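> Below is a structure I'd like to ask you about.
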Amino acid sequence: MARKLGPKHRLCRQFGEKLCDSPKCPVVRRPYRPGQHGPKGKQRITEYGTQLREKQKAAGLYRILERQFRGYVLNAKKAKGDAGAFLIQSLEMRLDNVVYRLKFVRTRDTARQIVSHGHVMVNGKKVNIPSYQVKIGDTVSIKPKSLTRQMFVESSKALNIKDVPQWLEIVDQATLVGKVTSLPAAESLDQGFDTSLIIEFYSR
């Protein structure tokens with residue numbers, strides 16, 4: 001299974017923005033691009049460069065490689081309606097992202113790992129594909145045998161229902177069971193990237 005490797009905060013430092021889930025992200029203390037002499041003025045970026053940055057931000061945030069991300073964009077362009085909204089929905093409805101949004105784990109990387117290791121079930125059946133697209137009405141849960149692991153014990157105690165987005169619902173906090181109740185609304189998600197620029201980038 002292909003996955004992003006290398007320094008986790010490389011893109012965060014490159015753009016001077018927090019694009020990860022970690023509270024220890026270096027950009028929290030240094031919200032600017034790296035350089036020997038500290039923060040500098042804004043770079044002059046071309047239209048292509050701006051579009052490329054947005055694409056890199058989105059792919060980095062969801063921890064997706066270029067080939068797979070391109071597939072999401074091309075499918076979004078073929079869909080009826082707003083391609084940008086469809087792209088966001090496809091990314092958000094990935095199983096690893098849903099596990100992360102339900103606050104079963106702290107980061108998307110961890111969510112991807114527990115899915116691929118077989119700790120997650122959809123509608124009572126084990127699914128070990130992080131990119132699996134969940135649907136409205138699907139129930140996502142942690143496998144009962146896995147609930148005794150320290151990670152999930154801590155998650156069930158620390159989980160705050162208010163932190164879970166409106167398109168998801170916690171069915172049982174103690175046993176970490178959640179449900180997809182609707183499609184995510186793009187305007188309610190503060191992603192930090194512009195989907196219209198991403199669509200334009202792949203329309204060249």
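In the structure tokens, chains take the letters A, B, ... in the order shown, each chain's residues start at 1, and ligands count up from 1 in the order shown.
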With a distance cut-off of 6 Å and only C-alpha atoms, select the neighbouring residues of Val120 of chain A, excluding the residue or stretch itself and same-chain residues fewer than 6 positions from it, and output the selection as a ChimeraX atom specification.
/A:126,141-143
> Kindly export the residues of the current selection with N, CA, C and O atoms, as an mmCIF file, in the first residue's frame.

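Okay, this is what ended up in again_9.cif:
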```cif
data_model
loop_
_atom_site.group_PDB
_atom_site.id
_atom_site.type_symbol
_atom_site.label_atom_id
_atom_site.label_comp_id
_atom_site.auth_asym_id
_atom_site.auth_seq_id
_atom_site.Cartn_x
_atom_site.Cartn_y
_atom_site.Cartn_z
ATOM 1 N N LYS A 126 -15.092 -6.024 8.900
ATOM 2 C CA LYS A 126 -13.756 -5.425 8.878
ATOM 3 C C LYS A 126 -13.428 -4.896 7.495
ATOM 4 O O LYS A 126 -13.627 -5.578 6.494
ATOM 5 N N SER A 141 -16.949 1.623 13.257
ATOM 6 C CA SER A 141 -16.636 1.279 14.648
ATOM 7 C C SER A 141 -15.265 0.616 14.755
ATOM 8 O O SER A 141 -14.687 0.178 13.762
ATOM 9 N N ILE A 142 -14.770 0.572 15.986
ATOM 10 C CA ILE A 142 -13.531 -0.136 16.281
ATOM 11 C C ILE A 142 -13.872 -1.583 16.611
ATOM 12 O O ILE A 142 -14.846 -1.858 17.323
ATOM 13 N N LYS A 143 -13.114 -2.515 16.083
ATOM 14 C CA LYS A 143 -13.362 -3.944 16.317
ATOM 15 C C LYS A 143 -13.374 -4.230 17.831
ATOM 16 O O LYS A 143 -12.475 -3.770 18.551
#
```
> DSSP on the backbone, helix (DSSP H, G or I) only: what residues of segment 66-147 of chain A does that give? Format it as an MDAnalysis selection string.
chainID A and resid 66:78 83:92 95:101 108:116 144:146
> Per DSSP on the backbone, filter segment 33-131 of chain A down to the residues in strand (DSSP E or B) and report them as a PyMOL selection string.
chain A and resi 94+120-122+125-126
> Store the residues picked out above in a file with N, CA, C and O atoms, as a compact mmCIF listing (two decimals), in the first residue's frame.

```
# COMPACT_ATOMS: atom_id res chain seq x y z
N ARG A 94 -13.40 9.35 2.82
CA ARG A 94 -12.44 8.24 2.94
C ARG A 94 -12.57 7.65 4.34
O ARG A 94 -12.75 8.37 5.33
N VAL A 120 -10.68 -1.55 12.23
CA VAL A 120 -11.89 -0.77 11.97
C VAL A 120 -12.92 -1.60 11.20
O VAL A 120 -12.57 -2.38 10.31
N MET A 121 -14.18 -1.41 11.56
CA MET A 121 -15.28 -2.11 10.88
C MET A 121 -16.26 -1.10 10.29
O MET A 121 -16.47 -0.02 10.86
N VAL A 122 -16.85 -1.45 9.17
CA VAL A 122 -17.92 -0.67 8.56
C VAL A 122 -19.14 -1.56 8.47
O VAL A 122 -19.09 -2.63 7.87
N LYS A 125 -18.48 -5.18 9.50
CA LYS A 125 -17.52 -5.99 8.76
C LYS A 125 -16.16 -5.27 8.70
O LYS A 125 -16.11 -4.06 8.46
N LYS A 126 -15.09 -6.02 8.90
CA LYS A 126 -13.76 -5.42 8.88
C LYS A 126 -13.43 -4.90 7.50
O LYS A 126 -13.63 -5.58 6.49
```
> How close does each residue of segment 70-111 of chain A get to segment 168-188 of chain A, giving the shortest atom pair and distance in Å to one decimal for every residue with an atom at most 9 Å away, counting only C-alpha atoms, sorted by chain and residue number, as a tab-separated table?

```
residue	atom	partner	partner_atom	distance
A:Gly84	CA	A:Ala186	CA	8.3
A:Ala85	CA	A:Ala186	CA	5.6
A:Phe86	CA	A:Ala186	CA	8.5
A:Ile88	CA	A:Ala186	CA	6.3
A:Gln89	CA	A:Pro184	CA	6.0
A:Glu92	CA	A:Pro184	CA	7.2
A:Met93	CA	A:Leu183	CA	8.0
A:Val98	CA	A:Leu168	CA	8.3
A:Val99	CA	A:Gly178	CA	8.6
A:Arg101	CA	A:Leu168	CA	8.1
A:Leu102	CA	A:Gly178	CA	6.8
A:Phe104	CA	A:Leu176	CA	6.8
```
> With distances taken over only C-alpha atoms, which of A:Lys80, A:Ser90, A:Thr110, A:Asp96 is nearest to Asn128 of chain A?
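Looking at the shortest contact to Asn128 of chain A, the residue is A:Asp96.
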> What separation in Å, quoted to one decimal, exists between atom CA of Val153 of chain A and atom CA of Lys135 of chain A?
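It comes out at 26.7 Å.
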> Rounded to one decimal, what separation in Å do you get between atom CA of Glu47 of chain A and atom CA of Ile198 of chain A?
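Atom-to-atom, atom CA of Glu47 of chain A to atom CA of Ile198 of chain A, that is 11.5 Å.
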> Excluding Ser155 of chain A and residues on its chain fewer than 4 positions from it, collect all residues at most 8 Å away from it, counting only C-alpha atoms, and give them as a list of chain:residue names.
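The filter keeps A:Lys103, A:Phe104, A:Val105, A:Met151, A:Leu159.
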> Would you kindly return, as number ranges by chain, each protein, DNA or RNA residue with an atom no farther than 12 Å from any atom of segment 72-79 of chain A, considering only C-alpha atoms and excluding same-chain residues fewer than 3 positions away?
A: 55, 58-59, 62, 64-69, 82-94, 131, 133, 195-203
> Store the residues of this selection in a file with N, CA and C atoms, as a short mmCIF file (atom, residue, chain, number, x, y, z; two decimals), in the first residue's frame.

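Done, and the output landed in result30.cif:
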```cif
data_model
loop_
_atom_site.label_atom_id
_atom_site.label_comp_id
_atom_site.auth_asym_id
_atom_site.auth_seq_id
_atom_site.Cartn_x
_atom_site.Cartn_y
_atom_site.Cartn_z
N LYS A 55 -2.75 22.46 -4.50
CA LYS A 55 -2.80 21.01 -4.72
C LYS A 55 -1.91 20.28 -3.71
N ALA A 58 -3.52 20.22 -0.17
CA ALA A 58 -4.61 19.26 -0.04
C ALA A 58 -4.10 17.83 0.03
N ALA A 59 -3.20 17.48 -0.89
CA ALA A 59 -2.66 16.12 -0.91
C ALA A 59 -1.87 15.84 0.37
N TYR A 62 -4.35 15.33 3.50
CA TYR A 62 -5.02 14.03 3.52
C TYR A 62 -4.04 12.86 3.38
N ILE A 64 -2.14 11.85 0.83
CA ILE A 64 -2.41 11.10 -0.38
C ILE A 64 -1.32 11.36 -1.40
N LEU A 65 -0.91 10.33 -2.11
CA LEU A 65 0.10 10.47 -3.16
C LEU A 65 -0.52 11.07 -4.43
N GLU A 66 0.33 11.59 -5.31
CA GLU A 66 -0.12 12.33 -6.49
C GLU A 66 -1.07 11.53 -7.38
N ARG A 67 -0.73 10.28 -7.68
CA ARG A 67 -1.56 9.50 -8.61
C ARG A 67 -2.97 9.32 -8.07
N GLN A 68 -3.10 9.03 -6.80
CA GLN A 68 -4.42 8.83 -6.22
C GLN A 68 -5.18 10.15 -6.12
N PHE A 69 -4.46 11.21 -5.76
CA PHE A 69 -5.11 12.51 -5.64
C PHE A 69 -5.64 12.98 -7.00
N ASP A 82 -20.97 21.15 -8.55
CA ASP A 82 -19.75 21.82 -8.13
C ASP A 82 -18.62 20.80 -7.98
N ALA A 83 -17.62 20.87 -8.85
CA ALA A 83 -16.51 19.90 -8.81
C ALA A 83 -15.72 20.04 -7.52
N GLY A 84 -15.54 21.28 -7.04
CA GLY A 84 -14.79 21.49 -5.80
C GLY A 84 -15.46 20.86 -4.60
N ALA A 85 -16.80 21.01 -4.52
CA ALA A 85 -17.56 20.41 -3.41
C ALA A 85 -17.48 18.90 -3.47
N PHE A 86 -17.57 18.34 -4.68
CA PHE A 86 -17.51 16.88 -4.85
C PHE A 86 -16.13 16.36 -4.44
N LEU A 87 -15.08 17.12 -4.76
CA LEU A 87 -13.73 16.73 -4.38
C LEU A 87 -13.59 16.66 -2.86
N ILE A 88 -14.07 17.70 -2.17
CA ILE A 88 -14.02 17.73 -0.71
C ILE A 88 -14.78 16.54 -0.12
N GLN A 89 -15.96 16.27 -0.65
CA GLN A 89 -16.77 15.16 -0.13
C GLN A 89 -16.06 13.83 -0.32
N SER A 90 -15.42 13.64 -1.48
CA SER A 90 -14.72 12.38 -1.73
C SER A 90 -13.55 12.20 -0.77
N LEU A 91 -12.83 13.27 -0.49
CA LEU A 91 -11.70 13.20 0.43
C LEU A 91 -12.17 12.97 1.87
N GLU A 92 -13.23 13.67 2.25
CA GLU A 92 -13.73 13.55 3.61
C GLU A 92 -14.38 12.19 3.88
N MET A 93 -14.95 11.58 2.85
CA MET A 93 -15.64 10.30 3.03
C MET A 93 -14.70 9.10 2.94
N ARG A 94 -13.40 9.35 2.82
CA ARG A 94 -12.44 8.24 2.94
C ARG A 94 -12.57 7.65 4.34
N SER A 131 -8.70 4.09 1.82
CA SER A 131 -9.39 4.93 0.85
C SER A 131 -10.85 4.50 0.62
N GLN A 133 -14.61 4.32 0.44
CA GLN A 133 -15.57 5.42 0.52
C GLN A 133 -16.80 5.00 1.32
N THR A 195 -10.26 24.72 -3.39
CA THR A 195 -10.54 23.63 -4.33
C THR A 195 -10.65 24.13 -5.77
N SER A 196 -11.11 25.36 -5.96
CA SER A 196 -11.26 25.88 -7.33
C SER A 196 -9.91 25.98 -8.02
N LEU A 197 -8.88 26.36 -7.26
CA LEU A 197 -7.53 26.45 -7.83
C LEU A 197 -6.98 25.06 -8.16
N ILE A 198 -7.36 24.06 -7.35
CA ILE A 198 -6.92 22.69 -7.60
C ILE A 198 -7.55 22.16 -8.89
N ILE A 199 -8.85 22.43 -9.07
CA ILE A 199 -9.54 22.01 -10.29
C ILE A 199 -8.90 22.69 -11.50
N GLU A 200 -8.55 23.97 -11.37
CA GLU A 200 -7.91 24.70 -12.46
C GLU A 200 -6.54 24.10 -12.78
N PHE A 201 -5.81 23.68 -11.75
CA PHE A 201 -4.48 23.11 -11.96
C PHE A 201 -4.56 21.87 -12.84
N TYR A 202 -5.56 21.01 -12.60
CA TYR A 202 -5.68 19.78 -13.39
C TYR A 202 -6.47 19.98 -14.68
N SER A 203 -6.85 21.22 -14.95
CA SER A 203 -7.57 21.52 -16.20
C SER A 203 -6.65 22.07 -17.26
#
```
> Between A:Cys25, A:Val140, A:Ser156, A:Arg63, single out the one closest to Gln113 of chain A, counting only C-alpha atoms.
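That would be A:Arg63, the residue with the smallest distance to Gln113 of chain A.
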> Hey, can you check how far atom CA of Asn123 of chain A sits from atom CA of Gln150 of chain A?
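Spanning atom CA of Asn123 of chain A to atom CA of Gln150 of chain A is a straight-line distance of 23.7 Å.
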